[in-house]
Each structure stands twice: as structure tokens, then as C-alpha cells.
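Source file start07.pdb; content: PDB, C-alpha atoms.
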```pdb
ATOM      1  CA  MET A 173      39.969  -3.868  62.381
ATOM      2  CA  ALA A 174      36.290  -4.479  63.277
ATOM      3  CA  GLU A 175      36.922  -7.689  65.180
ATOM      4  CA  THR A 176      40.005  -6.431  67.009
ATOM      5  CA  ALA A 177      38.057  -3.343  68.097
ATOM      6  CA  GLN A 178      36.081  -5.637  70.384
ATOM      7  CA  LYS A 179      39.186  -6.326  72.451
ATOM      8  CA  GLU A 180      40.377  -4.030  75.172
ATOM      9  CA  MET A 181      43.076  -1.683  73.897
ATOM     10  CA  ILE A 182      46.367  -1.269  75.703
ATOM     11  CA  PHE A 183      48.926   1.498  75.321
ATOM     12  CA  VAL A 184      52.545   0.889  74.435
ATOM     13  CA  THR A 185      55.404   3.126  73.305
ATOM     14  CA  VAL A 186      56.792   2.428  69.848
ATOM     15  CA  ASN A 187      59.812   4.457  68.721
ATOM     16  CA  GLY A 188      58.998   7.063  71.320
ATOM     17  CA  GLU A 189      55.321   7.423  70.355
ATOM     18  CA  ALA A 190      52.292   6.178  72.258
ATOM     19  CA  ARG A 191      50.298   3.612  70.351
ATOM     20  CA  ALA A 192      47.119   1.680  71.139
ATOM     21  CA  ILE A 193      46.990  -2.001  70.250
ATOM     22  CA  PRO A 194      44.541  -4.780  71.139
ATOM     23  CA  GLY A 195      45.339  -6.465  74.469
ATOM     24  CA  GLY A 196      46.858  -9.924  74.110
ATOM     25  CA  SER A 197      48.652  -9.121  70.833
ATOM     26  CA  SER A 198      51.973 -10.766  70.044
ATOM     27  CA  ILE A 199      54.879  -8.735  68.682
ATOM     28  CA  ALA A 200      54.147 -10.266  65.282
ATOM     29  CA  ALA A 201      50.553  -9.005  65.486
ATOM     30  CA  MET A 202      51.724  -5.567  66.552
ATOM     31  CA  LEU A 203      54.112  -5.352  63.572
ATOM     32  CA  GLN A 204      51.326  -6.431  61.267
ATOM     33  CA  ALA A 205      49.007  -3.790  62.720
ATOM     34  CA  ILE A 206      51.648  -1.113  62.100
ATOM     35  CA  GLY A 207      52.169  -2.438  58.581
ATOM     36  CA  LEU A 208      55.754  -3.652  58.898
ATOM     37  CA  ASP A 209      57.363  -6.702  57.331
ATOM     38  CA  PRO A 210      58.913  -8.600  60.270
ATOM     39  CA  ARG A 211      61.711  -9.860  58.014
ATOM     40  CA  LYS A 212      62.985  -6.321  57.444
ATOM     41  CA  VAL A 213      63.100  -4.977  60.991
ATOM     42  CA  ALA A 214      64.630  -5.667  64.377
ATOM     43  CA  VAL A 215      62.717  -5.162  67.603
ATOM     44  CA  GLU A 216      63.908  -4.134  71.025
ATOM     45  CA  HIS A 217      61.420  -4.841  73.829
ATOM     46  CA  ASN A 218      62.030  -2.982  77.101
ATOM     47  CA  LEU A 219      65.721  -2.645  76.125
ATOM     48  CA  GLU A 220      66.139  -6.356  75.220
ATOM     49  CA  VAL A 221      66.582  -7.458  71.609
ATOM     50  CA  VAL A 222      63.809  -9.852  70.604
ATOM     51  CA  PRO A 223      64.913 -12.774  68.417
ATOM     52  CA  ARG A 224      62.827 -12.745  65.247
ATOM     53  CA  SER A 225      61.936 -16.402  65.797
ATOM     54  CA  THR A 226      59.995 -15.447  68.934
ATOM     55  CA  PHE A 227      57.882 -12.591  67.497
ATOM     56  CA  GLU A 228      54.800 -14.853  67.558
ATOM     57  CA  ASP A 229      55.359 -15.949  71.144
ATOM     58  CA  VAL A 230      56.028 -12.714  72.992
ATOM     59  CA  GLU A 231      52.881 -11.043  74.323
ATOM     60  CA  VAL A 232      52.748  -7.270  74.386
ATOM     61  CA  ARG A 233      51.772  -5.729  77.748
ATOM     62  CA  GLU A 234      50.567  -2.324  78.865
ATOM     63  CA  ASP A 235      53.365   0.311  79.015
ATOM     64  CA  ASP A 236      55.875  -1.860  77.148
ATOM     65  CA  LYS A 237      58.509   0.118  75.281
ATOM     66  CA  PHE A 238      59.574  -0.893  71.797
ATOM     67  CA  GLU A 239      62.236   0.265  69.412
ATOM     68  CA  ILE A 240      61.701  -0.953  65.861
ATOM     69  CA  VAL A 241      64.654  -0.340  63.564
ATOM     70  CA  HIS A 242      65.836  -1.113  60.065
ATOM     71  CA  PHE A 243      68.811  -0.338  57.851
ATOM     72  CA  VAL A 244      69.050   3.058  56.221
ATOM     73  CA  GLY A 245      71.747   4.752  54.188
ATOM     74  CA  GLY A 246      74.805   5.686  56.210
ATOM     75  CA  GLY A 247      78.572   6.034  56.035
TER      76      GLY A 247
ATOM     77  CA  MET B 379     103.839 -10.048  50.838
ATOM     78  CA  ASN B 380     103.882 -11.799  47.473
ATOM     79  CA  ALA B 381     102.949  -9.701  44.493
ATOM     80  CA  PRO B 382      99.915 -11.128  42.725
ATOM     81  CA  GLN B 383     100.066 -12.135  39.062
ATOM     82  CA  SER B 384      97.279  -9.736  38.208
ATOM     83  CA  ILE B 385      95.116  -7.266  40.037
ATOM     84  CA  ALA B 386      92.151  -9.604  39.568
ATOM     85  CA  ALA B 387      93.791 -12.214  41.792
ATOM     86  CA  ASP B 388      94.607  -9.684  44.493
ATOM     87  CA  THR B 389      92.079 -10.301  47.246
ATOM     88  CA  TRP B 390      91.944  -9.378  50.925
ATOM     89  CA  THR B 391      90.360 -11.186  53.826
ATOM     90  CA  VAL B 392      88.638  -9.849  56.916
ATOM     91  CA  ALA B 393      87.353 -12.186  59.630
ATOM     92  CA  GLY B 394      87.496 -15.124  57.213
ATOM     93  CA  ARG B 395      85.579 -13.377  54.429
ATOM     94  CA  THR B 396      87.466 -12.743  51.208
ATOM     95  CA  PHE B 397      86.807  -9.813  48.895
ATOM     96  CA  ALA B 398      88.239  -8.730  45.551
ATOM     97  CA  SER B 399      87.296  -5.066  45.844
ATOM     98  CA  ARG B 400      89.295  -2.981  48.295
ATOM     99  CA  LEU B 401      86.809  -0.144  48.212
ATOM    100  CA  ILE B 402      84.005   0.010  50.782
ATOM    101  CA  VAL B 403      81.373   2.660  50.162
ATOM    102  CA  GLY B 404      78.758   4.278  52.353
ATOM    103  CA  THR B 405      75.098   4.651  51.494
ATOM    104  CA  GLY B 406      74.374   8.031  53.085
ATOM    105  CA  LYS B 407      73.785  11.474  51.546
ATOM    106  CA  TYR B 408      72.624  10.305  48.106
ATOM    107  CA  LYS B 409      69.845  12.156  46.292
ATOM    108  CA  SER B 410      67.954   8.938  45.656
ATOM    109  CA  PHE B 411      68.155   5.198  46.205
ATOM    110  CA  GLU B 412      68.563   4.809  42.430
ATOM    111  CA  GLU B 413      71.630   7.059  42.354
ATOM    112  CA  ASN B 414      73.036   5.281  45.395
ATOM    113  CA  ALA B 415      72.614   1.859  43.770
ATOM    114  CA  ALA B 416      74.206   3.071  40.512
ATOM    115  CA  ALA B 417      77.193   4.494  42.416
ATOM    116  CA  VAL B 418      77.695   1.243  44.344
ATOM    117  CA  GLU B 419      77.618  -0.654  41.048
ATOM    118  CA  ALA B 420      80.134   1.726  39.430
ATOM    119  CA  SER B 421      82.457   1.563  42.444
ATOM    120  CA  GLY B 422      82.697  -2.222  42.230
ATOM    121  CA  ALA B 423      82.360  -2.314  46.026
ATOM    122  CA  GLU B 424      81.361  -5.619  47.587
ATOM    123  CA  ILE B 425      80.706  -4.106  51.005
ATOM    124  CA  VAL B 426      78.516  -1.121  51.863
ATOM    125  CA  THR B 427      78.099   0.542  55.225
ATOM    126  CA  VAL B 428      74.569   1.102  56.494
ATOM    127  CA  ALA B 429      73.077   2.805  59.526
ATOM    128  CA  VAL B 430      70.496   1.441  61.944
ATOM    129  CA  ARG B 431      67.587   3.790  62.549
ATOM    130  CA  ARG B 432      63.976   3.749  63.725
ATOM    131  CA  VAL B 433      61.431   2.762  61.090
ATOM    132  CA  ASN B 434      58.883   5.457  60.304
ATOM    133  CA  ILE B 435      55.814   3.879  61.861
ATOM    134  CA  ALA B 436      53.619   6.688  60.522
ATOM    135  CA  ASP B 437      54.508   5.658  56.952
ATOM    136  CA  PRO B 438      55.697   2.040  56.985
ATOM    137  CA  ASN B 439      55.470   1.654  53.213
ATOM    138  CA  GLN B 440      58.295   4.033  52.348
ATOM    139  CA  PRO B 441      60.904   2.443  50.070
ATOM    140  CA  MET B 442      63.789   0.816  51.902
ATOM    141  CA  LEU B 443      67.490   0.624  51.107
ATOM    142  CA  THR B 444      67.242  -3.166  50.894
ATOM    143  CA  ASP B 445      64.849  -2.778  47.940
ATOM    144  CA  PHE B 446      67.639  -1.117  45.931
ATOM    145  CA  ILE B 447      70.883  -2.681  47.183
ATOM    146  CA  ASP B 448      70.452  -6.418  47.602
ATOM    147  CA  PRO B 449      71.984  -7.663  50.879
ATOM    148  CA  LYS B 450      72.363 -11.105  49.277
ATOM    149  CA  LYS B 451      74.767  -9.688  46.662
ATOM    150  CA  ILE B 452      76.442  -6.859  48.580
ATOM    151  CA  THR B 453      77.692  -7.352  52.145
ATOM    152  CA  TYR B 454      75.953  -4.935  54.492
ATOM    153  CA  LEU B 455      78.275  -3.581  57.162
ATOM    154  CA  PRO B 456      76.068  -2.076  59.873
ATOM    155  CA  ASN B 457      77.670   0.929  61.536
ATOM    156  CA  THR B 458      77.141   2.780  64.791
ATOM    157  CA  ALA B 459      77.374   6.277  63.334
ATOM    158  CA  GLY B 460      75.826   8.804  65.669
ATOM    159  CA  CYS B 461      76.661   6.854  68.829
ATOM    160  CA  PHE B 462      78.623   8.789  71.464
ATOM    161  CA  THR B 463      78.961   6.065  74.129
ATOM    162  CA  ALA B 464      79.995   2.412  74.164
ATOM    163  CA  ASP B 465      76.546   1.453  75.493
ATOM    164  CA  GLU B 466      74.707   3.169  72.623
ATOM    165  CA  ALA B 467      76.980   1.538  70.063
ATOM    166  CA  ILE B 468      76.585  -1.931  71.590
ATOM    167  CA  ARG B 469      72.796  -1.532  71.761
ATOM    168  CA  THR B 470      72.714  -0.470  68.104
ATOM    169  CA  LEU B 471      74.809  -3.413  66.939
ATOM    170  CA  ARG B 472      72.782  -5.957  68.909
ATOM    171  CA  LEU B 473      69.759  -4.733  66.966
ATOM    172  CA  ALA B 474      71.719  -4.742  63.716
ATOM    173  CA  ARG B 475      72.701  -8.360  64.271
ATOM    174  CA  GLU B 476      69.078  -9.314  64.783
ATOM    175  CA  ALA B 477      67.929  -7.285  61.761
ATOM    176  CA  GLY B 478      70.460  -8.735  59.372
ATOM    177  CA  GLY B 479      72.027 -11.692  61.074
ATOM    178  CA  TRP B 480      75.531 -10.334  60.572
ATOM    179  CA  ASN B 481      78.393 -10.474  63.063
ATOM    180  CA  LEU B 482      80.703  -8.390  60.871
ATOM    181  CA  VAL B 483      80.031  -4.809  61.914
ATOM    182  CA  LYS B 484      81.601  -1.378  61.856
ATOM    183  CA  LEU B 485      82.087   0.161  65.271
ATOM    184  CA  GLU B 486      82.457   3.876  65.656
ATOM    185  CA  VAL B 487      82.020   5.740  68.919
ATOM    186  CA  LEU B 488      82.246   9.471  68.468
ATOM    187  CA  GLY B 489      83.696  11.971  70.907
ATOM    188  CA  GLU B 490      82.089  15.217  69.786
ATOM    189  CA  ALA B 491      79.807  16.507  67.049
ATOM    190  CA  LYS B 492      82.141  19.217  65.760
ATOM    191  CA  THR B 493      85.008  16.986  64.673
ATOM    192  CA  LEU B 494      83.318  13.554  64.834
ATOM    193  CA  TYR B 495      86.645  12.396  66.229
ATOM    194  CA  PRO B 496      86.462   8.928  67.789
ATOM    195  CA  ASP B 497      86.319   8.594  71.577
ATOM    196  CA  MET B 498      88.988   5.931  71.953
ATOM    197  CA  ARG B 499      88.232   5.108  75.591
ATOM    198  CA  GLU B 500      84.622   4.262  74.718
ATOM    199  CA  THR B 501      85.661   2.637  71.431
ATOM    200  CA  LEU B 502      88.017   0.245  73.200
ATOM    201  CA  LYS B 503      85.410  -0.565  75.845
ATOM    202  CA  ALA B 504      82.794  -1.294  73.163
ATOM    203  CA  THR B 505      85.255  -3.442  71.180
ATOM    204  CA  GLU B 506      85.913  -5.654  74.217
ATOM    205  CA  VAL B 507      82.204  -6.181  74.924
ATOM    206  CA  LEU B 508      81.323  -6.824  71.281
ATOM    207  CA  VAL B 509      84.089  -9.388  70.846
ATOM    208  CA  LYS B 510      82.869 -11.214  73.978
ATOM    209  CA  GLU B 511      79.383 -11.310  72.468
ATOM    210  CA  GLY B 512      80.648 -12.889  69.258
ATOM    211  CA  PHE B 513      80.735  -9.831  67.028
ATOM    212  CA  GLU B 514      83.518  -9.217  64.526
ATOM    213  CA  PRO B 515      84.045  -5.470  64.746
ATOM    214  CA  MET B 516      85.895  -3.419  62.152
ATOM    215  CA  VAL B 517      86.797  -0.384  64.187
ATOM    216  CA  TYR B 518      86.949   3.296  63.230
ATOM    217  CA  CYS B 519      89.732   4.955  65.187
ATOM    218  CA  VAL B 520      92.244   7.750  65.473
ATOM    219  CA  ASP B 521      95.394   7.516  63.363
ATOM    220  CA  ASP B 522      97.438   6.437  66.362
ATOM    221  CA  PRO B 523      99.592   3.300  66.086
ATOM    222  CA  ILE B 524      99.307   2.569  69.818
ATOM    223  CA  ALA B 525      95.516   2.841  69.848
ATOM    224  CA  ALA B 526      95.462   0.605  66.763
ATOM    225  CA  LYS B 527      97.517  -2.043  68.573
ATOM    226  CA  GLN B 528      95.213  -1.903  71.592
ATOM    227  CA  LEU B 529      92.157  -2.388  69.384
ATOM    228  CA  GLU B 530      93.786  -5.337  67.668
ATOM    229  CA  GLU B 531      94.607  -6.896  71.047
ATOM    230  CA  ALA B 532      90.977  -6.398  72.076
ATOM    231  CA  GLY B 533      89.844  -8.413  69.052
ATOM    232  CA  ALA B 534      89.112  -5.847  66.333
ATOM    233  CA  VAL B 535      89.045  -7.710  63.006
ATOM    234  CA  ALA B 536      90.112  -4.594  61.090
ATOM    235  CA  ILE B 537      91.616  -1.256  62.045
ATOM    236  CA  MET B 538      90.082   1.754  60.323
ATOM    237  CA  PRO B 539      91.937   4.966  61.085
ATOM    238  CA  LEU B 540      90.603   8.275  59.858
ATOM    239  CA  GLY B 541      92.557  10.072  57.156
ATOM    240  CA  ALA B 542      90.853  13.353  58.106
ATOM    241  CA  PRO B 543      87.564  14.206  59.861
ATOM    242  CA  ILE B 544      84.429  12.416  58.601
ATOM    243  CA  GLY B 545      82.863  14.192  55.644
ATOM    244  CA  SER B 546      85.678  16.757  55.389
ATOM    245  CA  GLY B 547      87.223  15.597  52.123
ATOM    246  CA  LEU B 548      90.579  16.963  53.282
ATOM    247  CA  GLY B 549      92.593  13.909  52.237
ATOM    248  CA  ILE B 550      95.055  11.956  54.346
ATOM    249  CA  GLN B 551      96.598  14.354  56.839
ATOM    250  CA  ASN B 552      99.203  12.154  58.461
ATOM    251  CA  LEU B 553     100.952   9.795  56.095
ATOM    252  CA  VAL B 554     103.426   8.747  58.767
ATOM    253  CA  THR B 555     100.927   7.471  61.316
ATOM    254  CA  ILE B 556      98.886   5.623  58.694
ATOM    255  CA  ARG B 557     102.073   3.914  57.492
ATOM    256  CA  LEU B 558     103.066   3.040  61.068
ATOM    257  CA  ILE B 559      99.624   1.507  61.692
ATOM    258  CA  VAL B 560      99.896  -0.537  58.489
ATOM    259  CA  GLU B 561     103.368  -1.775  59.410
ATOM    260  CA  GLY B 562     102.330  -2.759  62.914
ATOM    261  CA  ALA B 563      98.994  -4.419  62.212
ATOM    262  CA  ASN B 564      98.245  -8.117  61.839
ATOM    263  CA  VAL B 565      94.675  -7.416  60.732
ATOM    264  CA  PRO B 566      93.515  -5.428  57.693
ATOM    265  CA  VAL B 567      93.926  -1.653  57.851
ATOM    266  CA  LEU B 568      91.501   0.542  55.936
ATOM    267  CA  VAL B 569      91.479   4.313  55.833
ATOM    268  CA  ASP B 570      87.983   5.329  56.873
ATOM    269  CA  ALA B 571      86.977   8.960  56.456
ATOM    270  CA  GLY B 572      88.638  12.014  55.020
ATOM    271  CA  VAL B 573      89.032  10.984  51.389
ATOM    272  CA  GLY B 574      87.939  13.827  49.104
ATOM    273  CA  THR B 575      88.993  12.778  45.651
ATOM    274  CA  ALA B 576      90.586   9.925  43.737
ATOM    275  CA  SER B 577      94.207  10.816  44.494
ATOM    276  CA  ASP B 578      93.486  10.628  48.246
ATOM    277  CA  ALA B 579      92.310   7.038  47.837
ATOM    278  CA  ALA B 580      95.412   6.223  45.806
ATOM    279  CA  VAL B 581      97.629   7.696  48.547
ATOM    280  CA  ALA B 582      95.958   5.467  51.159
ATOM    281  CA  MET B 583      96.592   2.403  49.039
ATOM    282  CA  GLU B 584     100.172   3.409  48.245
ATOM    283  CA  LEU B 585     100.827   3.483  51.986
ATOM    284  CA  GLY B 586      99.946  -0.207  52.065
ATOM    285  CA  CYS B 587      96.413  -0.027  53.396
ATOM    286  CA  ASP B 588      94.259  -3.056  52.639
ATOM    287  CA  GLY B 589      91.360  -0.867  51.592
ATOM    288  CA  VAL B 590      89.563   2.439  51.790
ATOM    289  CA  LEU B 591      86.114   3.287  53.102
ATOM    290  CA  MET B 592      84.370   6.410  51.870
ATOM    291  CA  ASN B 593      80.918   7.932  51.567
ATOM    292  CA  THR B 594      80.820  11.706  51.094
ATOM    293  CA  ALA B 595      83.543  11.871  48.437
ATOM    294  CA  ILE B 596      81.277   9.905  46.115
ATOM    295  CA  ALA B 597      77.837  11.007  47.310
ATOM    296  CA  GLU B 598      78.624  14.737  47.203
ATOM    297  CA  ALA B 599      80.443  14.721  43.854
ATOM    298  CA  LYS B 600      78.472  16.498  41.135
ATOM    299  CA  ASP B 601      78.403  13.190  39.278
ATOM    300  CA  PRO B 602      78.513  10.484  41.979
ATOM    301  CA  VAL B 603      78.471   7.592  39.536
ATOM    302  CA  MET B 604      81.495   8.883  37.640
ATOM    303  CA  MET B 605      83.309   9.604  40.916
ATOM    304  CA  ALA B 606      82.544   6.067  42.053
ATOM    305  CA  ARG B 607      84.260   4.803  38.929
ATOM    306  CA  ALA B 608      87.203   7.139  39.567
ATOM    307  CA  MET B 609      87.549   5.805  43.117
ATOM    308  CA  LYS B 610      87.525   2.224  41.852
ATOM    309  CA  SER B 611      90.394   3.053  39.479
ATOM    310  CA  ALA B 612      92.267   5.020  42.149
ATOM    311  CA  VAL B 613      92.110   2.200  44.684
ATOM    312  CA  GLU B 614      93.344  -0.277  42.072
ATOM    313  CA  ALA B 615      96.074   2.101  40.870
ATOM    314  CA  GLY B 616      97.262   2.814  44.414
ATOM    315  CA  ARG B 617      97.279  -0.872  45.251
ATOM    316  CA  MET B 618      99.316  -1.767  42.152
ATOM    317  CA  ALA B 619     101.744   1.066  42.845
ATOM    318  CA  TYR B 620     102.216  -0.228  46.395
ATOM    319  CA  LEU B 621     102.782  -3.799  45.223
ATOM    320  CA  SER B 622     105.117  -2.778  42.421
ATOM    321  CA  GLY B 623     107.459  -0.998  44.843
ATOM    322  CA  ARG B 624     107.953   2.643  44.020
ATOM    323  CA  MET B 625     111.318   4.172  43.117
ATOM    324  CA  GLY B 626     113.380   5.824  45.795
ATOM    325  CA  LYS B 627     113.210   9.583  46.199
ATOM    326  CA  ARG B 628     116.243  11.730  45.339
ATOM    327  CA  ARG B 629     116.917  15.248  46.404
ATOM    328  CA  TYR B 630     118.089  16.326  42.950
ATOM    329  CA  ALA B 631     117.578  15.405  39.316
ATOM    330  CA  ASP B 632     118.715  12.218  37.630
ATOM    331  CA  PRO B 633     118.456  12.245  33.820
ATOM    332  CA  SER B 634     116.465   9.515  32.108
ATOM    333  CA  SER B 635     118.390   9.782  28.821
ATOM    334  CA  PRO B 636     121.966   8.483  28.670
ATOM    335  CA  LEU B 637     124.727  11.027  29.081
ATOM    336  CA  ALA B 638     127.038   9.021  26.817
ATOM    337  CA  GLY B 639     126.947   9.903  23.117
ATOM    338  CA  LEU B 640     125.831  13.469  23.565
ATOM    339  CA  ILE B 641     126.676  15.503  20.460
TER     340      ILE B 641
END
```

As C-alpha cells, how would this structure be written, given the file I've shared?
Amino acid sequence: MAETAQKEMIFVTVNGEARAIPGGSSIAAMLQAIGLDPRKVAVEHNLEVVPRSTFEDVEVREDDKFEIVHFVGGG
Amino acid sequence: MNAPQSIAADTWTVAGRTFASRLIVGTGKYKSFEENAAAVEASGAEIVTVAVRRVNIADPNQPMLTDFIDPKKITYLPNTAGCFTADEAIRTLRLAREAGGWNLVKLEVLGEAKTLYPDMRETLKATEVLVKEGFEPMVYCVDDPIAAKQLEEAGAVAIMPLGAPIGSGLGIQNLVTIRLIVEGANVPVLVDAGVGTASDAAVAMELGCDGVLMNTAIAEAKDPVMMARAMKSAVEAGRMAYLSGRMGKRRYADPSSPLAGLI
């Protein structure tokens, strides 16, 4: 975290909670920072589903809203 | 329909995918992932329903369902439980498709929390949109033969009428409408919801349903693994009884022993 702390932090909303991440992060970097395996989740970015293949390419911007979901038990 | 030579050869097909087990089980309400996995194994189910929910970003290392029930061996059927509008259900399934890569999904759009009865107006709307987007929706619905027809026309790949309210365990309340749906459908019909015990599952199958979907009946049994086994047997028994063609009903007795030769 020491090197990323040098970067300016931006605020985004993830699953309804405010979260600070380094400016210029990709979605892949954001998932890694949260500690999530990108193969096990799906991401919605400002109400649009993000194809997993583009996680590295999409840059996260201030005030972006994310929903990160996975499969849980259900009937 | 041709009677199969043995129950092992009796398969069913939904949206081009063929399965031997006619029992679909849910993965909610279990005490642990271990118990859930053991019940799925005992049930013989090849399809499980799963829900799509937010990950816990405060504790991302919690165990996940996929660690216990392997999506490569068991078909995950993502559902839209908890959605009360077509838009919510469509949004959920778009995410589910990205998470798992599956087009085969279970659509349910609920009308109210008290009964969890389906909202058929929203359900039909969601079915039309999902089919346009390339999904193959198996659709939870009321036990209404006309609604079932409309869903089929909209592109539902399976019709899944409730037997009784979700989680009620009351058994199949309207045998007539379930039978009418089965007789009128050109896609698989599965009773979804309301099964409480093994005989309820057998009744669904005896009516000619292609399968049964259940969650609470197994998960809330005192011994879920044994109940899962019971449901497997009940579905097979009901299916064989349907295929074998039951005897006609009579209003009065008919002796099984010959009357001739009585002393």
C-alpha cells in the first residue's frame, strides 16, 4: 500500500458504501485492493454490466458507482 | 410419449441441455455449506438454484458456495428471488450471466412479500426482454394454464408453476391446473415451490410434470440429507407411476380375489 498511498485518492461507491481508491485504478486493480477474485464476481459500473475481459481496461473515476455480486445460496 | 426401458434412460431436455435427474434443488436456508453440499449429493440433482447477491467487501475471504458445490459438475441456475419488478430481475440476470457465463436462468418476479406470489404482468414483460437478449429463462409462475401459454409464446424454455406459496410446504393445492398446464405445454413443466414432503413431489410427477424444484422441504427437514434422498426416490417413483399409467378410479370396491370357487 505504501506506493499507492503516493497517488491521489478518489472516492467511489461500492455496494452502497463509500470507498477510497488510488486515482487511475482499473476495475481489476480495485477488485484486487478489496481482496476479491475477479473470476468469482460480476461487476456493474454505473448500472452497466462490465464484461470480465475488460476489467483491466476500464478506469475507475471519482463518484463511480459499483455493484459487485456473486452467487450465494438461494431457492 | 414412449415409456423408457428403465428409469435410468429416462431423461428430460430443457433448452437443448439433457438431464437424468428430474429434481432441482435450492441452496438456501442450510445450516452450513457442508450440509448443503451433502444434501445436493444425496438428492442426485444435476441443477441447483442460486441467488445473486452483493459480495461482503468488508470480509472478502468468507467461504463461497462455489467452493462447496462445483459449478463444473452441477449446473448453476441463477434465480431472481427477491426481485419485485421486471427491471430488477433483468438487471440481476445480466449480472448473473457475466458472473457465470450462463444463459439458462430462473426468472421469478414477485408480487408481494406476504405470499411471494408471482407478479405475472412483470414476469411476462421480463421474459420478453430476456429472450430478446439471448437468455433462456425457466419461469416461475402462477398455476394458470393461460399464463403458462403466454410465457411459452414469449419464449420461456420451461414453465414452473407454484404448487403452493414459496416455503410453505403445503403441497400441491390445485391438481387440476397443474395437469392442464402439463397437457398444454410444449416445453418442460416443473412444479416450483410448495412441496413439503416426499409424497408432494410424487404427486407432481404423477401429474406428468417433467420435474420438481424445491428448497425448503429439504433444507428445513430435521435431517436434510435423508430428506434429499427421500425426494430423489419420490420423484423417481412419481415419474414411473406416471409412465406406467395408473389404474382407473372406481366409486366402489372391486375384489382382487376371484369370486369363482368360493367355498

Exercise for review: Could the residues of chain A within 9 Å of chain B, counting all atoms listed in the file, be given as a list in words, please?
Suggested key: Val186, Asn187, Ile206, Gly207, Leu208, Asp209, Arg211, Lys212, Val213, Ala214, Val215, Glu216, Leu219, Glu220, Val221, Val222, Pro223, Arg224, Glu239, Ile240, Val241, His242, Phe243, Val244, Gly245, Gly246 and Gly247 of chain A

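Across the chains present, the PyMOL selection byres ((chain A and resi 228) around 10) applied to this file returns Ser197, Ser198, Ile199, Ala200, Ala201, Met202, Arg224, Ser225, Thr226, Phe227, Asp229, Val230 and Glu231 of chain A.
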
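Take the candidates B:Met498, B:Leu401, B:Val483, B:Leu508 and check each one against Ala576 in chain B using only C-alpha atoms; the shortest distance goes to B:Leu401.
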
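Counting all atoms listed in the file and comparing B:Pro515, B:Thr575, B:Glu561, B:Thr463, the residue that lies closest to Ala599 in chain B is B:Thr575.
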
Review point. For the file shown, what are the residues hit by the PyMOL selection byres ((chain B and resi 532-535) around 7), laid out as an NGL selection string?
Key: :B and (392-393 or 505-506 or 509 or 514-517 or 528-531 or 536-537 or 565)

Practice item. Find the residues around Thr185 in chain A up to 12 Å (all atoms listed in the file counted), leave out those fewer than 4 positions away in its own chain, and share them as a list in words. Key: Glu189, Ala190, Arg191, Ala192, Ile193, Met202, Glu216, His217, Asn218, Val232, Arg233, Glu234, Asp235, Asp236, Lys237, Phe238, Glu239 and Ile240 of chain A; Ile435 of chain B

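One finds CA of Asp497 in chain B at 9.2 Å from CA of Ala464 in chain B.
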
Expected axis-aligned box over every listed atom of range 179-192 of chain A, 8 Å added per side, centre plus edges in Å to one decimal, as JSON:
```
{"center_x": 49.5, "center_y": 0.5, "center_z": 72.2, "size_x": 36.6, "size_y": 29.7, "size_z": 23.0}
```

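Residues matched by the PyMOL selection byres ((chain A and resi 195) around 7) in this structure: Lys179, Glu180, Met181, Ile182, Ile193, Pro194, Gly196 and Ser197 of chain A.
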
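Separating CA of Ala504 in chain B from CA of Pro539 in chain B is a distance of 16.4 Å.
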
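Coordinates place CA of Arg617 in chain B at a distance of 22.2 Å from CA of Pro602 in chain B.
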
Review point. From the list B:Asp521, B:Glu419, B:Glu486, B:Glu424, which residue is nearest Thr501 in chain B when using only C-alpha atoms?
Key: B:Glu486
